[in-house]
Each structure stands twice: as C-alpha cells, then as structure tokens.
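**Q** Input: one structure, supplied below.
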Amino acid sequence: MKLFALTLALGFVAMFSTPALAQPSIEGDVWMDDFDKAVEVAKKEGKSLLVDFTGSDWCGWCIKLHEEVFAHEEWESVVTKDYVLVSLDFPRGEDAKAKVPNPERNDELSKKYGVRGFPTILLMTADGDVFGQTGYQKGGPAAYLTHMAELKAKGMPALVASLKMSEKWAAAEGDARVGVWNEVAAFIERVGTDTSGAKRLLPIIQEGLMMDPENKQGIFAKALGLVMQMGEYKAEYFDKALALDPKNESGLYEAALVGRIQNVSSEETMLSSLEAVKAYSVVGKVNDNANAIRIYSIAAFFSMRHKQDMTLAKVFAEKSAALGGKDDAEFGELVNKILDAEEEKAEEKAEEEVVEEHGEGDGHDH
C-alpha cells in the first residue's frame, strides 16, 4: 500500500485520538467472514449484502462503529431482515490474522471495490453491484438504520440507471458512442462521482481518454476530470491537466492536484506535491471549494506530520480555513488542531519575550 496513502486511509485525526482497543468479537452466525458463501446465502434468501471492510485490532473508527452500532440488537434485528452481514477483516496482530480464513480473497475484494480506508461499509446486491457506501456514522443504531435507508433510496435507482447505461453503451457503435458517452458523463455529474452508480460506469468514462486524445471534442478533458474525481490517478494525468487548464478555469488543474496529493507514494513525491500545491496557490483561482479545501488540508497534514514544518502547515491550514475548512466534516478537526497549536505556540513565545524583556522576580508588578 502506498506509504502516505496509508496515512490518509487511517484518518487525519487519528493522531489526536487515544489508542484503539481490540474490537469485540462477533459472536454467533449473524456475521459471515466468507464473502462467496455470503453471496450464496443472499441469493437463496433474496437479500442484499452489507459488507464491512474492517481492521478489527487496530482501527479505532471500526471499533467505535461496532461498539456503537453493530453490537446492538436494536440494529441487528432490523438489518438482518434485508441483509446478509459480511465482515472482511484486515488485522495487524498475528493472533487476529490467524482467525481470518481467506485473507487473499479479502485483498482481492478490497482491490475490486476500491476500498481506500477503514471502516468501509458497502451495501450491495447479491450479484455484487454496490448501491451504497459509507463508514462510521455517529448517532447510534437508530441513526445508522436511517442512514442506510437513505443510501438505499438514493443508490438503488442510480444503480438501475447505471446498468441500463452500460447496456446502451455496449450496444452503441460508431459515432453513436460519442452521444452515449456524453449521456454517461452527464449522469455521473448529476448523481456525483462518489456514488456507487457512477463508479460502476468508470470503465466507460475511461474510454473517453482514447476516443478524443487531442481533446478536439472536449471529451478528453471531461473524461480526465471525471476519472480523477472517481479516485483513479496516474502521474501523467497531472501534466496533461495542467497543459489543458493552466489557470484552473475549468477546475481540471484542481482535480488533478487532488489526485496527485492523495496518491503520493514516497517522501520525494510528497515533497514535490507540496511544491505543486504552492504553485496552485499562486494561480489564485479556486474552481471547486471542496477540492481546494482537500488540497490545502492534506498539504497542511503532510507539512506537519511528515515534513515537520509547522510554519508551512499553518499557511496551508489558513488557506483551507479561508474556504470553510474549519467547518469541513472531513478536515475541520485537523485544520482547527493545526491552527490552535500555532496560536498556543505564538502565545508561549510572546510570554517568553515578556519574561526576557522584563525578567522574573525583580520586585516589580507587571
């Protein structure tokens, strides 16, 4: 797994959390640890699958999710009416690893479904088509049931629509493929690139990179942006995006930078990504606030955690905060922690300067 991508996957605020306790074991036959057997049961019983990609002995948010939701009969008794529960574990301790019956298959499924962090909860049909994706949610059993119902209500129609589009694409020939491709792109933009229905259509969007390599029809640029927003990134994408959108007029530059900073694999590429963020800040134009917050927040985290440069971390954190990063659901705690730490440091420095200037214990009131 990529060195810095691993840090991202574990969560930016994990460094401020208390050490994780061992996740309670799942007793009884409610949860299955064999995905393929679970599929057979789901098909036989006419149910969907809830698949929990977890790190049982190290992932703090996985443990919280089990303690606050999955371990409660209030949740279990309702959800098992419609879902077969599957727990695919990725532990670190040798004892926990020994209890995983098929780690190779778990790895295969993790790659297939693009799991980037833990916990990842997938709601899918018995045929393996995902219609909902989530993770830890606060609020307890009742709130989680409501959240799952909302995911299904939104995700199932999108999945059905994406399946129909896949069929339409497969039947299209010649010039008709351009029209169908544009329909697919418009659909993804409408439902969101992070939805399950959209992700299922990723291979079609990738076809756009080959359909219009010179971007004469604007397909290449649109495809490149969507591909990166859906989590697919290659190093050459950044240079192509920068050439097509040097001033970030369309947001392609921004999308490419998100891909670049989220996919660093070494200290060298991390440092070069920080330089790329500095260059982006000089351009000045923000096309997508959410992408800009992500860029600056990740840059702040890397500056603090890996470069150990709190001055640079503060610069990036302030840029994120100016765009609303302090209140961002994913990055708000990180941004606030960095800014608060710098404020405390500044106050301590000011106090030291006062002491140095006036001295201590000189018999005067200050």
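Convention: chains lettered A, B, ... in structure tokens order; per-chain residue numbering from 1; ligands numbered from 1 as shown.
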Please extract the residues of segment 14-147 of chain A with a backbone DSSP assignment of helix (DSSP H, G or I) and present them as a ChimeraX atom specification.
**A** /A:14-16,35-45,60-70,73-79,94-98,103-112,140-147
**Q** Considering only C-alpha atoms, give me a table of residues in segment 138-224 of chain A that are at most 9 Å from segment 120-124 of chain A, with the closest atom pair and distance in Å for each, as a Markdown table.
**A**
| residue | atom | partner | partner_atom | distance |
| --- | --- | --- | --- | --- |
| A:Met148 | CA | A:Leu123 | CA | 8.4 |
| A:Leu151 | CA | A:Leu123 | CA | 8.5 |
| A:Lys152 | CA | A:Leu123 | CA | 7.9 |
**Q** Identify which of the residues A:Val283, A:Ala341, A:Val180, A:Val69 lies closest to Asp245 of chain A, counting only C-alpha atoms when measuring atom-to-atom distances.
**A** A:Val283
**Q** Extract, using only C-alpha atoms, all DNA, RNA and protein residues at most 9 Å from segment 71-75 of chain A, discarding same-chain residues fewer than 2 positions from it, and format them as a list in words.
**A**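 Contacts, in chain order: Pro24, Ile26, Leu65, His66, Glu67, Glu68, Val69, Ser77, Val78, Val79, Thr80, Gly140, Pro141, Ala142, Tyr144 and Leu145 of chain A.
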**Q** Do a neighbour search on Ala186 of chain A at 12 Å with only C-alpha atoms, toss out local chain neighbours closer than 4 positions, and write the hits as a list in words.
**A**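 The contact residues come out as Ser162, Met165, Gly179, Val180, Trp181, Asn182, Arg190, Val191, Gly192, Thr193, Ala198, Leu201, Ile205, Ile219, Lys222, Ala223 and Leu226 of chain A.
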**Q** As number ranges by chain, please: all residues of segment 87-133 of chain A that backbone DSSP puts in strand (DSSP E).
**A** A: 87-89, 120-124, 130-133
**Q** Would you mind exporting the chosen residues as a compact mmCIF listing (two decimals), in the first residue's frame, restricted to N, CA and C atoms?
**A**
# COMPACT_ATOMS: atom_id res chain seq x y z
N SER A 87 -18.25 -9.66 7.33
CA SER A 87 -17.12 -8.94 7.93
C SER A 87 -15.83 -9.42 7.29
N LEU A 88 -15.17 -8.54 6.53
CA LEU A 88 -13.89 -8.87 5.90
C LEU A 88 -12.81 -8.13 6.67
N ASP A 89 -12.03 -8.88 7.42
CA ASP A 89 -11.09 -8.30 8.37
C ASP A 89 -9.68 -8.17 7.79
N THR A 120 -14.88 0.66 5.76
CA THR A 120 -15.68 0.92 4.56
C THR A 120 -16.84 -0.07 4.59
N ILE A 121 -18.04 0.46 4.55
CA ILE A 121 -19.25 -0.36 4.57
C ILE A 121 -19.90 -0.27 3.19
N LEU A 122 -20.06 -1.41 2.53
CA LEU A 122 -20.69 -1.45 1.21
C LEU A 122 -22.03 -2.16 1.31
N LEU A 123 -23.04 -1.54 0.73
CA LEU A 123 -24.35 -2.17 0.57
C LEU A 123 -24.43 -2.61 -0.88
N MET A 124 -24.66 -3.88 -1.12
CA MET A 124 -24.65 -4.37 -2.50
C MET A 124 -25.70 -5.46 -2.71
N VAL A 130 -22.80 -2.61 -6.12
CA VAL A 130 -22.88 -1.73 -4.96
C VAL A 130 -23.90 -0.62 -5.19
N PHE A 131 -24.76 -0.41 -4.19
CA PHE A 131 -25.73 0.69 -4.28
C PHE A 131 -25.59 1.67 -3.12
N GLY A 132 -24.63 1.42 -2.23
CA GLY A 132 -24.40 2.34 -1.14
C GLY A 132 -23.04 2.12 -0.51
N GLN A 133 -22.40 3.22 -0.10
CA GLN A 133 -21.09 3.11 0.56
C GLN A 133 -21.04 4.11 1.70
**Q** Please indicate the distance in Å from atom CA of Pro103 of chain A to atom CA of Pro203 of chain A, rounded to one decimal place.
**A**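 According to the coordinates, atom CA of Pro103 of chain A and atom CA of Pro203 of chain A are separated by 26.9 Å.
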**Q** Using only C-alpha atoms, determine which residues lie at most 9 Å from Ile204 of chain A, disregarding the query and same-chain residues fewer than 5 positions distant; provide the list as a PyMOL selection string.
**A** chain A and resi 166+169+181+184-185
**Q** Excluding same-chain residues fewer than 6 positions from Cys62 of chain A, what lies within 8 Å of it counting only C-alpha atoms, as a PDB file with C-alpha atoms, in the first residue's frame?
**A**
ATOM      1  CA  GLN A  23     -12.692  -4.833  18.625  1.00  0.00           C
ATOM      2  CA  THR A  54     -12.556  -3.531   8.868  1.00  0.00           C
ATOM      3  CA  GLY A  55      -9.330  -3.611  10.854  1.00  0.00           C
ATOM      4  CA  SER A  56     -10.540  -5.352  13.989  1.00  0.00           C
ATOM      5  CA  PHE A 118     -11.348   1.528   7.121  1.00  0.00           C
ATOM      6  CA  PRO A 119     -14.084   1.072   8.008  1.00  0.00           C
ATOM      7  CA  TYR A 136     -18.512   5.309  10.690  1.00  0.00           C
TER       8      TYR A 136
END
**Q** For segment 330-336 of chain A, find every residue with an atom within 9 Å (counting only C-alpha atoms), except residues of its own chain fewer than 3 positions away, and show them as a PyMOL selection string.
**A** chain A and resi 11-13+16+293-294+297-298+300-301+314+316-318+320-321+324-327+339-341
**Q** Include C-alpha atoms and write out the residues we just selected as a PDB file, in the first residue's frame.
**A**
ATOM      1  CA  GLY A  11      -7.779   9.168   9.014  1.00  0.00           C
ATOM      2  CA  PHE A  12      -6.208  12.575   9.555  1.00  0.00           C
ATOM      3  CA  VAL A  13      -7.464  12.948  13.104  1.00  0.00           C
ATOM      4  CA  PHE A  16      -5.068  13.056  18.046  1.00  0.00           C
ATOM      5  CA  ILE A 293     -10.147  22.508   0.988  1.00  0.00           C
ATOM      6  CA  ARG A 294      -8.998  18.929   0.418  1.00  0.00           C
ATOM      7  CA  SER A 297      -5.816  20.346   4.279  1.00  0.00           C
ATOM      8  CA  ILE A 298      -3.813  17.363   3.042  1.00  0.00           C
ATOM      9  CA  ALA A 300      -1.133  21.021   5.877  1.00  0.00           C
ATOM     10  CA  PHE A 301      -1.185  17.492   7.271  1.00  0.00           C
ATOM     11  CA  LYS A 314      -0.161  26.837   9.257  1.00  0.00           C
ATOM     12  CA  PHE A 316      -1.924  25.713   4.205  1.00  0.00           C
ATOM     13  CA  ALA A 317      -4.336  25.369   7.149  1.00  0.00           C
ATOM     14  CA  GLU A 318      -5.155  29.078   6.933  1.00  0.00           C
ATOM     15  CA  SER A 320      -8.183  25.823   3.937  1.00  0.00           C
ATOM     16  CA  ALA A 321      -9.881  27.766   6.752  1.00  0.00           C
ATOM     17  CA  GLY A 324     -14.527  26.965   5.040  1.00  0.00           C
ATOM     18  CA  GLY A 325     -12.102  24.227   6.042  1.00  0.00           C
ATOM     19  CA  LYS A 326     -12.652  24.829   9.760  1.00  0.00           C
ATOM     20  CA  ASP A 327     -16.206  23.542   9.431  1.00  0.00           C
ATOM     21  CA  LEU A 339      -4.303  26.487  13.879  1.00  0.00           C
ATOM     22  CA  ASP A 340      -4.906  26.066  17.607  1.00  0.00           C
ATOM     23  CA  ALA A 341      -1.438  24.578  18.058  1.00  0.00           C
TER      24      ALA A 341
END
**Q** Between atom CA of Ala313 of chain A and atom CA of Leu224 of chain A, what distance in Å does the model show, to one decimal?
**A**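 So the answer is 29.5 Å.
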**Q** Taking only C-alpha atoms into account, name the residue in A:Lys43, A:Arg200, A:Arg305, A:Lys64 that is nearest to Tyr113 of chain A.
**A**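 Of A:Lys43, A:Arg200, A:Arg305, A:Lys64, the one nearest Tyr113 of chain A, counting only C-alpha atoms, is A:Arg200.
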**Q** Which distance in Å separates atom CA of Gly60 of chain A and atom CA of Lys138 of chain A, to one decimal?
**A**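 Straight-line distance from atom CA of Gly60 of chain A to atom CA of Lys138 of chain A works out to 13.4 Å.
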**Q** Looking at A:Ala255, A:Ala170, A:Met210, A:Ala38, which one is nearest to Gly225 of chain A, with distances taken over only C-alpha atoms?
**A**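 Closest candidate: A:Ala255.
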**Q** Would you give me, as JSON lines, each residue of segment 220-262 of chain A having an atom within 10 Å of an atom of segment 268-278 of chain A, along with its shortest atom pair and that distance in Å to one decimal, using only C-alpha atoms and sorting by chain and residue number?
**A**
{"residue": "A:Glu254", "atom": "CA", "partner": "A:Val277", "partner_atom": "CA", "distance": 9.6}
{"residue": "A:Leu257", "atom": "CA", "partner": "A:Val277", "partner_atom": "CA", "distance": 7.4}
{"residue": "A:Val258", "atom": "CA", "partner": "A:Val277", "partner_atom": "CA", "distance": 9.5}
{"residue": "A:Arg260", "atom": "CA", "partner": "A:Ser273", "partner_atom": "CA", "distance": 6.8}
{"residue": "A:Ile261", "atom": "CA", "partner": "A:Ser273", "partner_atom": "CA", "distance": 5.7}
{"residue": "A:Gln262", "atom": "CA", "partner": "A:Ser273", "partner_atom": "CA", "distance": 9.3}
